[in-house]
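Chemist: My structure is in query04.cif, and what it holds is mmCIF, C-alpha atoms:
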```cif
data_work
#
loop_
_atom_site.label_atom_id
_atom_site.label_comp_id
_atom_site.auth_asym_id
_atom_site.auth_seq_id
_atom_site.Cartn_x
_atom_site.Cartn_y
_atom_site.Cartn_z
CA MET L 1 -72.19 -9.84 -1.76
CA GLY L 2 -69.35 -12.34 -1.54
CA LYS L 3 -65.86 -11.62 -0.38
CA PHE L 4 -63.33 -10.15 -2.76
CA LYS L 5 -60.64 -12.55 -3.80
CA VAL L 6 -57.05 -11.43 -3.16
CA VAL L 7 -53.78 -12.96 -4.32
CA HIS L 8 -50.80 -11.89 -2.23
CA TYR L 9 -47.16 -11.90 -3.37
CA ILE L 10 -44.30 -12.15 -0.87
CA ASN L 11 -40.61 -13.11 -0.94
CA GLN L 12 -38.84 -16.09 0.62
CA PHE L 13 -37.97 -14.15 3.77
CA TYR L 14 -41.55 -13.18 4.66
CA ALA L 15 -42.70 -16.70 3.81
CA GLY L 16 -40.43 -17.96 6.55
CA ILE L 17 -38.30 -20.00 4.16
CA GLY L 18 -35.10 -18.15 4.92
CA GLY L 19 -32.90 -15.16 4.20
CA GLU L 20 -30.29 -14.45 1.53
CA GLU L 21 -29.25 -18.09 1.30
CA PHE L 22 -32.73 -19.00 0.08
CA ALA L 23 -33.12 -16.03 -2.26
CA ASP L 24 -32.99 -18.41 -5.22
CA HIS L 25 -36.27 -20.01 -4.14
CA LYS L 26 -38.41 -20.75 -7.19
CA PRO L 27 -41.97 -19.42 -7.47
CA GLU L 28 -44.63 -21.44 -5.70
CA MET L 29 -48.28 -20.82 -4.92
CA ARG L 30 -49.79 -21.79 -1.59
CA ASP L 31 -53.40 -21.84 -0.44
CA GLY L 32 -54.49 -19.15 1.97
CA VAL L 33 -52.36 -16.70 3.92
CA VAL L 34 -48.64 -16.87 4.63
CA GLY L 35 -46.61 -14.48 6.82
CA PRO L 36 -47.76 -10.85 6.53
CA GLY L 37 -50.92 -12.14 4.87
CA MET L 38 -52.19 -12.83 8.39
CA ALA L 39 -52.17 -9.13 9.19
CA PHE L 40 -53.92 -8.35 5.92
CA ALA L 41 -56.55 -10.98 6.63
CA GLY L 42 -57.26 -9.27 9.93
CA ALA L 43 -57.57 -5.88 8.26
CA PHE L 44 -59.82 -7.20 5.48
CA GLY L 45 -62.24 -8.75 7.97
CA ASP L 46 -65.14 -10.31 6.11
CA LYS L 47 -64.76 -8.03 3.07
CA ALA L 48 -61.98 -9.89 1.33
CA GLU L 49 -60.02 -13.10 1.55
CA ILE L 50 -56.48 -13.97 0.52
CA THR L 51 -57.14 -17.19 -1.35
CA LYS L 52 -53.59 -17.77 -2.57
CA THR L 53 -50.13 -16.58 -1.62
CA ILE L 54 -47.36 -16.62 -4.18
CA VAL L 55 -43.83 -16.93 -2.84
CA CYS L 56 -40.69 -16.27 -4.85
CA GLY L 57 -37.05 -15.71 -3.93
CA ASP L 58 -35.84 -12.16 -4.57
CA SER L 59 -32.73 -13.23 -6.45
CA PHE L 60 -34.61 -15.80 -8.47
CA PHE L 61 -37.09 -13.15 -9.58
CA ASN L 62 -34.51 -10.55 -10.52
CA GLU L 63 -32.08 -12.92 -12.19
CA ASN L 64 -34.70 -14.86 -14.13
CA LEU L 65 -37.00 -11.99 -14.89
CA ALA L 66 -38.74 -13.35 -17.98
CA GLU L 67 -39.25 -16.83 -16.54
CA ALA L 68 -40.38 -15.57 -13.12
CA LYS L 69 -42.80 -13.12 -14.67
CA LYS L 70 -44.33 -15.75 -16.90
CA THR L 71 -44.70 -18.31 -14.10
CA LEU L 72 -46.22 -15.76 -11.74
CA LEU L 73 -48.58 -14.39 -14.38
CA ASP L 74 -49.83 -17.93 -15.09
CA MET L 75 -50.48 -18.45 -11.38
CA VAL L 76 -52.39 -15.18 -11.01
CA ARG L 77 -54.30 -15.77 -14.23
CA ALA L 78 -55.49 -19.17 -12.96
CA GLU L 79 -56.74 -17.69 -9.69
CA LYS L 80 -58.48 -14.62 -11.23
CA PRO L 81 -58.37 -12.42 -8.10
CA ASP L 82 -60.27 -9.13 -7.73
CA VAL L 83 -57.08 -7.46 -6.60
CA PHE L 84 -53.38 -8.39 -6.51
CA VAL L 85 -51.30 -7.23 -3.53
CA ALA L 86 -47.50 -7.44 -3.34
CA GLY L 87 -45.29 -6.89 -0.31
CA PRO L 88 -44.90 -4.47 1.40
CA ALA L 89 -41.21 -4.44 0.54
CA PHE L 90 -40.11 -1.54 2.78
CA ASN L 91 -36.58 -0.66 1.70
CA ALA L 92 -35.58 -4.08 0.37
CA GLY L 93 -34.34 -3.27 -3.11
CA ARG L 94 -34.75 -6.52 -5.00
CA TYR L 95 -38.03 -7.27 -3.23
CA GLY L 96 -39.29 -3.80 -4.16
CA VAL L 97 -38.28 -4.22 -7.77
CA ALA L 98 -39.93 -7.66 -7.82
CA CYS L 99 -43.16 -6.28 -6.30
CA GLY L 100 -43.21 -3.41 -8.79
CA THR L 101 -42.40 -5.59 -11.77
CA ILE L 102 -45.00 -8.24 -11.04
CA CYS L 103 -47.68 -5.66 -10.17
CA ASP L 104 -46.99 -3.83 -13.40
CA ALA L 105 -47.25 -7.08 -15.38
CA VAL L 106 -50.46 -8.21 -13.66
CA ARG L 107 -52.11 -4.85 -14.27
CA GLU L 108 -50.84 -4.56 -17.83
CA GLU L 109 -51.39 -8.11 -19.04
CA LEU L 110 -54.25 -9.38 -16.91
CA GLY L 111 -56.09 -6.12 -16.31
CA ILE L 112 -56.37 -6.88 -12.58
CA PRO L 113 -56.01 -3.95 -10.12
CA VAL L 114 -52.74 -4.09 -8.20
CA LEU L 115 -51.21 -2.57 -5.11
CA THR L 116 -47.85 -2.69 -3.42
CA GLY L 117 -46.08 -0.86 -0.63
CA MET L 118 -42.51 0.29 -0.12
CA TYR L 119 -40.24 2.96 1.27
CA GLU L 120 -39.95 6.02 -0.96
CA GLU L 121 -36.25 5.47 -1.63
CA ASN L 122 -36.63 1.83 -2.62
CA PRO L 123 -35.38 1.66 -6.22
CA GLY L 124 -38.64 -0.10 -7.03
CA ALA L 125 -40.50 3.06 -5.98
CA GLU L 126 -38.51 5.26 -8.34
CA MET L 127 -39.12 2.76 -11.14
CA PHE L 128 -42.83 2.22 -10.70
CA LYS L 129 -44.42 5.05 -8.72
CA ASP L 130 -45.77 6.74 -11.84
CA LYS L 131 -47.35 3.48 -13.05
CA LEU L 132 -48.62 1.85 -9.86
CA LEU L 133 -50.20 2.63 -6.55
CA ILE L 134 -47.38 2.18 -4.06
CA VAL L 135 -48.27 2.80 -0.44
CA ALA L 136 -45.52 4.75 1.34
CA THR L 137 -44.08 2.68 4.17
CA LYS L 138 -41.28 2.98 6.69
CA ASN L 139 -37.88 1.66 5.65
CA ASN L 140 -38.06 -1.59 7.61
CA ALA L 141 -40.48 -4.28 8.68
CA ALA L 142 -41.26 -2.42 11.90
CA GLY L 143 -43.52 -0.36 9.66
CA MET L 144 -45.78 -3.34 8.96
CA ARG L 145 -48.36 -2.17 11.49
CA ASP L 146 -48.72 1.20 9.78
CA ALA L 147 -48.58 -0.18 6.28
CA VAL L 148 -51.15 -2.96 6.50
CA PRO L 149 -54.26 -0.90 7.36
CA LYS L 150 -53.46 1.64 4.61
CA MET L 151 -52.79 -1.06 2.03
CA ALA L 152 -55.83 -3.10 3.05
CA ALA L 153 -58.17 -0.11 2.78
CA LEU L 154 -56.79 0.80 -0.62
CA ALA L 155 -56.92 -2.81 -1.82
CA LEU L 156 -60.62 -3.00 -0.93
CA LYS L 157 -61.31 0.19 -2.86
CA LEU L 158 -59.45 -1.18 -5.85
CA ALA L 159 -61.31 -4.50 -5.69
CA ALA L 160 -64.63 -2.66 -5.54
CA GLY L 161 -63.62 -0.42 -8.43
CA GLU L 162 -64.02 2.70 -6.28
CA GLN L 163 -62.46 6.04 -7.04
CA ILE L 164 -58.99 6.41 -5.49
CA GLY L 165 -58.34 9.73 -3.74
CA ALA L 166 -55.23 11.91 -3.77
CA SER L 167 -51.91 10.50 -2.58
CA ILE L 168 -52.02 12.66 0.56
CA GLU L 169 -55.39 11.18 1.57
CA GLU L 170 -54.70 7.58 0.67
CA GLY L 171 -51.07 7.41 1.67
CA TYR L 172 -49.53 6.25 -1.58
CA LEU L 173 -46.41 7.72 -3.20
CA PRO L 174 -47.32 10.63 -5.50
CA GLY L 175 -47.08 9.35 -9.06
CA GLY L 176 -47.59 12.67 -10.82
CA THR L 177 -51.34 12.34 -11.30
CA ARG L 178 -53.33 15.24 -9.93
CA VAL L 179 -56.49 14.36 -7.99
CA ASN L 180 -58.90 17.06 -6.76
CA PHE L 181 -60.39 16.82 -3.28
CA PHE L 182 -62.03 19.07 -0.72
CA GLU L 183 -60.01 20.06 2.35
CA LYS L 184 -61.86 20.20 5.66
CA GLU L 185 -60.44 23.62 6.53
CA ARG L 186 -60.33 26.58 4.18
CA GLY L 187 -57.00 27.74 2.76
CA SER L 188 -56.59 30.87 4.90
CA ARG L 189 -57.01 28.83 8.09
CA ARG L 190 -54.52 26.17 6.93
CA ALA L 191 -52.01 28.84 5.93
CA VAL L 192 -52.24 30.61 9.30
CA ASP L 193 -51.95 27.28 11.15
CA MET L 194 -48.84 26.52 9.16
CA LEU L 195 -47.39 29.97 9.84
CA LEU L 196 -48.03 29.64 13.59
CA LYS L 197 -46.29 26.28 13.64
CA LYS L 198 -43.38 27.71 11.70
CA MET L 199 -43.06 30.69 14.06
CA ALA L 200 -43.18 28.38 17.05
CA GLY L 201 -40.41 26.28 15.51
CA LYS L 202 -42.72 23.26 15.31
CA PRO L 203 -42.74 20.85 12.38
CA PHE L 204 -45.26 21.60 9.65
CA VAL L 205 -46.08 20.05 6.31
CA THR L 206 -46.19 22.21 3.21
CA GLU L 207 -49.05 21.65 0.79
CA TYR L 208 -46.84 22.58 -2.11
CA PRO L 209 -43.48 20.87 -1.84
CA MET L 210 -40.87 22.37 -4.12
CA PRO L 211 -39.11 19.90 -6.36
CA ASP L 212 -35.54 19.04 -5.40
CA PHE L 213 -33.22 21.34 -7.28
CA ASP L 214 -29.59 20.40 -7.60
CA ARG L 215 -26.74 22.85 -7.40
CA VAL L 216 -24.02 23.77 -9.88
CA GLU L 217 -20.76 25.46 -8.89
CA PRO L 218 -20.26 28.93 -10.37
CA ASN L 219 -17.89 29.19 -13.32
CA ALA L 220 -14.87 31.47 -13.22
CA ALA L 221 -15.42 35.14 -14.01
CA VAL L 222 -15.02 36.41 -17.55
CA VAL L 223 -11.50 37.81 -17.72
CA ASP L 224 -12.06 40.46 -20.37
CA ILE L 225 -15.66 41.46 -21.06
CA SER L 226 -14.53 43.95 -23.72
CA SER L 227 -13.40 41.11 -25.96
CA ALA L 228 -16.05 38.56 -24.96
CA THR L 229 -18.92 37.24 -27.03
CA ILE L 230 -22.09 37.53 -24.96
CA ALA L 231 -25.29 35.65 -25.75
CA LEU L 232 -28.83 36.41 -24.70
CA VAL L 233 -31.23 33.75 -23.41
CA THR L 234 -34.69 34.32 -22.01
CA SER L 235 -37.56 32.46 -20.38
CA GLY L 236 -39.73 35.51 -21.13
CA GLY L 237 -40.97 34.13 -24.44
CA ILE L 238 -39.57 36.79 -26.80
CA VAL L 239 -40.03 35.54 -30.38
CA PRO L 240 -40.09 37.01 -33.88
CA LYS L 241 -43.54 38.45 -34.65
CA THR L 242 -46.15 35.72 -35.31
CA ASN L 243 -44.20 33.19 -33.19
CA PRO L 244 -43.07 31.12 -36.20
CA ASP L 245 -42.27 27.98 -34.18
CA ARG L 246 -45.47 28.26 -32.18
CA ILE L 247 -43.85 28.08 -28.77
CA GLU L 248 -46.71 27.40 -26.35
CA SER L 249 -47.90 30.23 -24.07
CA SER L 250 -47.61 27.85 -21.11
CA SER L 251 -46.06 24.43 -20.45
CA ALA L 252 -43.69 25.00 -23.36
CA SER L 253 -42.56 21.86 -25.14
CA LYS L 254 -39.78 23.59 -27.10
CA TYR L 255 -37.38 26.51 -27.28
CA GLY L 256 -36.60 28.82 -30.18
CA GLU L 257 -33.27 29.79 -31.72
CA TYR L 258 -33.45 33.07 -33.63
CA ASP L 259 -30.95 35.07 -35.61
CA ILE L 260 -30.52 38.70 -34.55
CA SER L 261 -27.48 39.53 -36.65
CA GLY L 262 -28.04 43.03 -37.98
CA VAL L 263 -30.93 43.68 -35.59
CA GLU L 264 -30.19 46.94 -33.75
CA ASP L 265 -33.40 47.26 -31.82
CA LEU L 266 -36.40 45.00 -31.16
CA THR L 267 -39.43 46.77 -32.60
CA PRO L 268 -43.14 46.00 -32.14
CA GLU L 269 -43.28 45.19 -35.86
CA SER L 270 -40.65 42.47 -35.62
CA PHE L 271 -40.73 40.94 -32.10
CA GLU L 272 -43.33 40.02 -29.50
CA THR L 273 -43.76 37.70 -26.54
CA ALA L 274 -45.39 34.28 -26.64
CA HIS L 275 -45.54 34.11 -22.83
CA GLY L 276 -49.01 33.57 -21.39
CA GLY L 277 -48.09 34.13 -17.77
CA TYR L 278 -47.63 37.91 -17.63
CA ASP L 279 -49.24 40.97 -19.18
CA PRO L 280 -47.70 41.04 -22.68
CA VAL L 281 -48.47 44.73 -23.40
CA TYR L 282 -45.05 46.09 -22.38
CA ALA L 283 -43.01 43.37 -24.05
CA ASN L 284 -45.05 43.56 -27.25
CA ALA L 285 -44.57 47.34 -27.39
CA ASP L 286 -40.80 47.00 -26.86
CA ALA L 287 -39.26 43.55 -26.52
CA ASP L 288 -35.94 45.12 -25.46
CA ARG L 289 -37.62 45.39 -22.05
CA VAL L 290 -37.16 41.62 -21.79
CA LEU L 291 -34.30 40.96 -24.21
CA PRO L 292 -31.97 44.00 -24.08
CA VAL L 293 -30.65 43.87 -27.66
CA ASP L 294 -30.62 47.67 -28.15
CA VAL L 295 -28.36 48.34 -25.16
CA LEU L 296 -25.97 45.52 -25.98
CA ARG L 297 -25.61 46.82 -29.56
CA ASP L 298 -24.61 50.21 -28.18
CA MET L 299 -22.13 48.49 -25.88
CA VAL L 300 -20.53 46.63 -28.79
CA LYS L 301 -20.06 49.92 -30.64
CA GLU L 302 -18.53 51.51 -27.55
CA GLY L 303 -16.16 48.59 -27.03
CA ILE L 304 -17.66 47.60 -23.65
CA ILE L 305 -18.32 44.06 -24.88
CA GLY L 306 -16.64 42.24 -27.73
CA LYS L 307 -19.66 40.91 -29.58
CA LEU L 308 -23.35 40.13 -29.15
CA HIS L 309 -23.88 36.55 -30.25
CA ASP L 310 -25.85 36.29 -33.52
CA LYS L 311 -28.44 33.95 -32.09
CA PHE L 312 -30.60 34.13 -29.03
CA TYR L 313 -32.43 31.27 -27.33
CA THR L 314 -35.90 31.62 -25.91
CA THR L 315 -38.72 29.71 -24.33
CA VAL L 316 -41.80 30.36 -22.25
CA GLY L 317 -41.16 29.77 -18.56
CA ASN L 318 -44.80 29.40 -17.56
CA GLY L 319 -45.73 26.10 -15.95
CA THR L 320 -42.98 24.55 -18.05
CA ALA L 321 -41.66 21.34 -16.51
CA THR L 322 -38.25 21.57 -14.87
CA LYS L 323 -37.35 18.51 -16.85
CA SER L 324 -38.19 20.23 -20.15
CA SER L 325 -36.29 23.44 -19.34
CA LYS L 326 -33.31 21.38 -18.28
CA GLN L 327 -33.36 19.50 -21.55
CA PHE L 328 -33.79 22.68 -23.66
CA ALA L 329 -30.90 24.42 -21.94
CA ALA L 330 -28.59 21.42 -21.99
CA GLU L 331 -29.10 21.35 -25.75
CA PHE L 332 -28.61 25.04 -26.55
CA ALA L 333 -25.80 25.45 -23.98
CA GLN L 334 -23.83 22.99 -26.08
CA LYS L 335 -24.53 25.06 -29.20
CA LEU L 336 -23.40 28.20 -27.38
CA LYS L 337 -20.25 26.40 -26.37
CA ASP L 338 -19.60 25.23 -29.91
CA ASP L 339 -20.07 28.83 -31.07
CA ASN L 340 -17.43 30.02 -28.53
CA VAL L 341 -19.78 32.17 -26.53
CA GLN L 342 -17.96 33.30 -23.36
CA ALA L 343 -20.90 34.38 -21.22
CA VAL L 344 -24.68 34.42 -21.12
CA ILE L 345 -27.21 36.92 -19.83
CA LEU L 346 -30.42 35.05 -19.07
CA THR L 347 -33.50 37.14 -18.45
CA SER L 348 -36.70 35.99 -16.77
CA THR L 349 -40.04 37.65 -16.35
CA MET Z 1 -31.92 26.70 -17.72
CA VAL Z 2 -29.45 28.89 -15.87
CA LYS Z 3 -27.95 25.83 -14.22
CA GLU Z 4 -27.60 23.86 -17.44
CA ILE Z 5 -25.74 26.79 -19.01
CA GLU Z 6 -23.49 26.97 -15.96
CA ARG Z 7 -23.04 23.21 -16.06
CA ALA Z 8 -21.91 23.45 -19.67
CA GLY Z 9 -19.06 25.66 -18.45
CA ILE Z 10 -20.34 29.06 -19.56
CA PRO Z 11 -20.58 31.79 -16.91
CA VAL Z 12 -24.16 33.03 -16.77
CA VAL Z 13 -25.98 35.84 -15.01
CA HIS Z 14 -29.68 35.60 -14.24
CA VAL Z 15 -31.55 38.90 -14.58
CA CYS Z 16 -34.94 38.44 -12.96
CA THR Z 17 -37.45 40.17 -10.77
CA VAL Z 18 -38.27 37.42 -8.30
CA THR Z 19 -34.77 36.77 -6.99
CA PRO Z 20 -35.90 34.21 -4.35
CA ILE Z 21 -36.97 31.92 -7.19
CA SER Z 22 -33.59 32.37 -8.81
CA MET Z 23 -31.96 31.48 -5.48
CA THR Z 24 -34.14 28.37 -5.15
CA VAL Z 25 -33.43 27.33 -8.70
CA GLY Z 26 -29.71 27.69 -8.06
CA ALA Z 27 -28.44 30.62 -10.15
CA ASN Z 28 -25.02 31.77 -8.95
CA ARG Z 29 -24.92 35.30 -10.35
CA ILE Z 30 -28.21 37.14 -9.95
CA VAL Z 31 -29.20 40.69 -10.88
CA PRO Z 32 -32.59 41.98 -9.67
CA ALA Z 33 -34.82 43.36 -12.40
CA VAL Z 34 -37.56 45.99 -12.48
CA ALA Z 35 -40.86 44.13 -12.75
CA ILE Z 36 -42.23 40.84 -14.02
CA PRO Z 37 -43.75 42.10 -17.31
CA HIS Z 38 -40.83 44.45 -18.04
CA PRO Z 39 -37.70 43.19 -16.25
CA LEU Z 40 -35.37 45.52 -18.16
CA GLY Z 41 -37.63 48.48 -18.72
CA ASN Z 42 -40.09 50.85 -17.16
CA PRO Z 43 -42.90 52.08 -19.37
CA SER Z 44 -43.62 55.01 -17.07
CA LEU Z 45 -40.28 56.59 -17.97
CA GLY Z 46 -39.48 58.47 -21.15
CA ALA Z 47 -37.75 56.49 -23.92
CA ALA Z 48 -34.26 57.87 -23.21
CA GLU Z 49 -34.54 57.44 -19.47
CA GLU Z 50 -35.89 53.94 -19.86
CA LYS Z 51 -32.97 52.93 -22.06
CA GLN Z 52 -30.59 54.43 -19.51
CA LEU Z 53 -32.20 52.27 -16.81
CA ARG Z 54 -31.87 49.19 -19.01
CA ARG Z 55 -28.24 50.00 -19.62
CA LYS Z 56 -27.56 50.19 -15.89
CA ILE Z 57 -29.07 46.74 -15.37
CA VAL Z 58 -27.11 45.26 -18.29
CA GLN Z 59 -23.92 46.91 -17.02
CA THR Z 60 -24.53 45.34 -13.59
CA ALA Z 61 -25.04 41.98 -15.29
CA LEU Z 62 -21.75 42.36 -17.15
CA ASP Z 63 -19.97 43.36 -13.94
CA ALA Z 64 -21.43 40.24 -12.30
CA LEU Z 65 -20.03 38.08 -15.10
CA ALA Z 66 -16.61 39.68 -14.60
CA THR Z 67 -16.72 39.06 -10.83
CA LYS Z 68 -15.52 35.88 -9.17
CA VAL Z 69 -18.19 34.35 -6.93
CA ASP Z 70 -17.92 31.49 -4.49
CA GLY Z 71 -21.65 30.85 -4.09
CA GLN Z 72 -24.98 32.39 -4.97
CA THR Z 73 -24.57 36.16 -5.14
CA ILE Z 74 -27.07 38.93 -5.79
CA PHE Z 75 -25.60 42.00 -7.51
CA GLU Z 76 -27.75 45.05 -6.76
CA VAL Z 77 -28.11 47.59 -9.55
CA LYS Z 78 -26.51 50.83 -8.41
#
```
Could you rewrite the structure in this file as structure tokens?
Modeler:
Amino acid sequence: MGKFKVVHYINQFYAGIGGEEFADHKPEMRDGVVGPGMAFAGAFGDKAEITKTIVCGDSFFNENLAEAKKTLLDMVRAEKPDVFVAGPAFNAGRYGVACGTICDAVREELGIPVLTGMYEENPGAEMFKDKLLIVATKNNAAGMRDAVPKMAALALKLAAGEQIGASIEEGYLPGGTRVNFFEKERGSRRAVDMLLKKMAGKPFVTEYPMPDFDRVEPNAAVVDISSATIALVTSGGIVPKTNPDRIESSSASKYGEYDISGVEDLTPESFETAHGGYDPVYANADADRVLPVDVLRDMVKEGIIGKLHDKFYTTVGNGTATKSSKQFAAEFAQKLKDDNVQAVILTST
Amino acid sequence: MVKEIERAGIPVVHVCTVTPISMTVGANRIVPAVAIPHPLGNPSLGAAEEKQLRRKIVQTALDALATKVDGQTIFEVK
């Protein structure tokens, strides 16, 4: 079997042309390896060869996007490599964006597997990590020694058309695609190891990182509850019987807005839950257990609150993307505001 | 959702059973509930008693809304 053919993309700095003052360098293609290509060549051994290196100034690329893309695509097309490698760009913003953009174009338009590397906070990573394999690197060129072996191994797999493992195994930035793999140790052992490290105050790596949640400052207290209009919102999936809008039992793609004017009590004949993540028996028998309409009606009559808002908003909080819930709530919060609702009780199961 | 409502400028209280999740998500006014499948109820109680329990939780939620908070605060149901 012959060697795989690799085309490598680098910027003017790594090509040894110069720094910022040469960032307008126009695209050129050279034979063989240039700059960091040497390290890759070493890592590839006799399995692959960098036949061409494309060099382009970072500013030229980003300021002349269409032209640069076209020129570079023509170069890559002519060479027909088995895999296209760009960078690594570390935390260089324009370089990262250039690497991501050209990789995306080569993959999309030429159907050639592509690979790049950059620091996780490089804007190019945010832009392309869900489209491309981007090996996670340090934030400066000192990380070259770590990055090259990882990128080379992955590039060989891509060239050979082999299955790519999970991001944690291969070292690329998670792009949101789930890949199954077998751990060497069973879960109980890994959990106890993690716990011991935590108790000893040593660093440990979670297997289930929580997404970054932002914070919102609390609003001022309601001055007079007895004259306030209160609205009910729930993630517990309470819907009118038969779930007319077909809100999904998990990973909900929508929320419901339902009129409860005149409803004194949620009965099993009129309301149920669409939620698929908890035992629905109790909510189906009496949905007030999730959405306390009955109690709030009594409180209106007794003058404890001013009014129960005529509409309630509901969705199923079961595997539903943070992004979706955020979007649902941003939308109905505006409606609540337009309807002069003074406070919200949000219930979750 | 609780944060988007807060962000829109409407005071909001989160009634939920797993309060650590509510803390992680970033709710500012939190009232602990009874159980996951029946946060504001308890099927083992009689109907009147159960409604009384629900009323106590709702009253705590209303008190939370009427209380100034500086950061995330859990209001225990008395």
Chemist: Taking 5 positions as the minimum chain separation for residues in the same chain, which residues sit within 9 Å of range 3-19 of chain L when counting only C-alpha atoms? Answer as a PyMOL selection string.
Modeler: chain L and resi 24-25+32-37+46-58+76+79-89+95+98-99+102+155-156+159-160
Chemist: Would you kindly return, as a list in words, each protein, DNA or RNA residue with an atom no farther than 8 Å from any atom of Val31 in chain Z, considering all atoms listed in the file and excluding same-chain residues fewer than 2 positions away?
Modeler: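 My list of contacting residues is Val13, His14, Val15, Cys16, Thr19, Arg29, Ala33, Ile57, Thr60, Ala61, Ala64, Ile74, Phe75, Glu76 and Val77 of chain Z.
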Chemist: With 8 Å as the limit and counting only C-alpha atoms, what residues in chain Z lie close to chain L? Please list them as a PyMOL selection string.
Modeler: chain Z and resi 1-17+24-26+28-29+35-43+51+54-55+58+61-62+65-72
Chemist: Might you pull out every residue within 7 Å of range 240-255 of chain L, with only C-alpha atoms counted and same-chain residues fewer than 6 positions away left off, and present them as an MDAnalysis selection string?
Modeler: chainID L and resid 269:272 274:276 313:316 318:321 324 328
Chemist: Taking into account all atoms listed in the file, which residue in the set L:Lys197, L:Arg94, L:Arg178, L:Arg297 is nearest to Gly124 in chain L?
Modeler: L:Arg94
Chemist: Just to confirm, what's the straight-line distance from CA of Ser59 in chain L to CA of Ala23 in chain L in Å (one decimal)?
Modeler: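 Computed distance, CA of Ser59 in chain L to CA of Ala23 in chain L, equals 5.1 Å.
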Chemist: Report, in Å with one decimal, the straight-line distance from CA of Val34 in chain Z to CA of Gly306 in chain L.
Modeler: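 Computing it gives 26.2 Å between the two atoms.
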Chemist: Using CA of Val148 in chain L and CA of Gly165 in chain L as the two end points, give the distance in Å to one decimal.
Modeler: 17.8 Å
Chemist: Could you check the closest approach to Ala147 in chain L for each of L:Phe60, L:Phe182, L:Tyr172, L:Phe204 and tell me which residue wins, using all atoms listed in the file?
Modeler: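 Under the stated criterion, the closest residue is L:Tyr172.
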Chemist: Once the PyMOL selection byres ((chain L and resi 120) around 10) is applied to the coordinates I shared, what remains selected? I want it as a count of residues only.
Modeler: 21
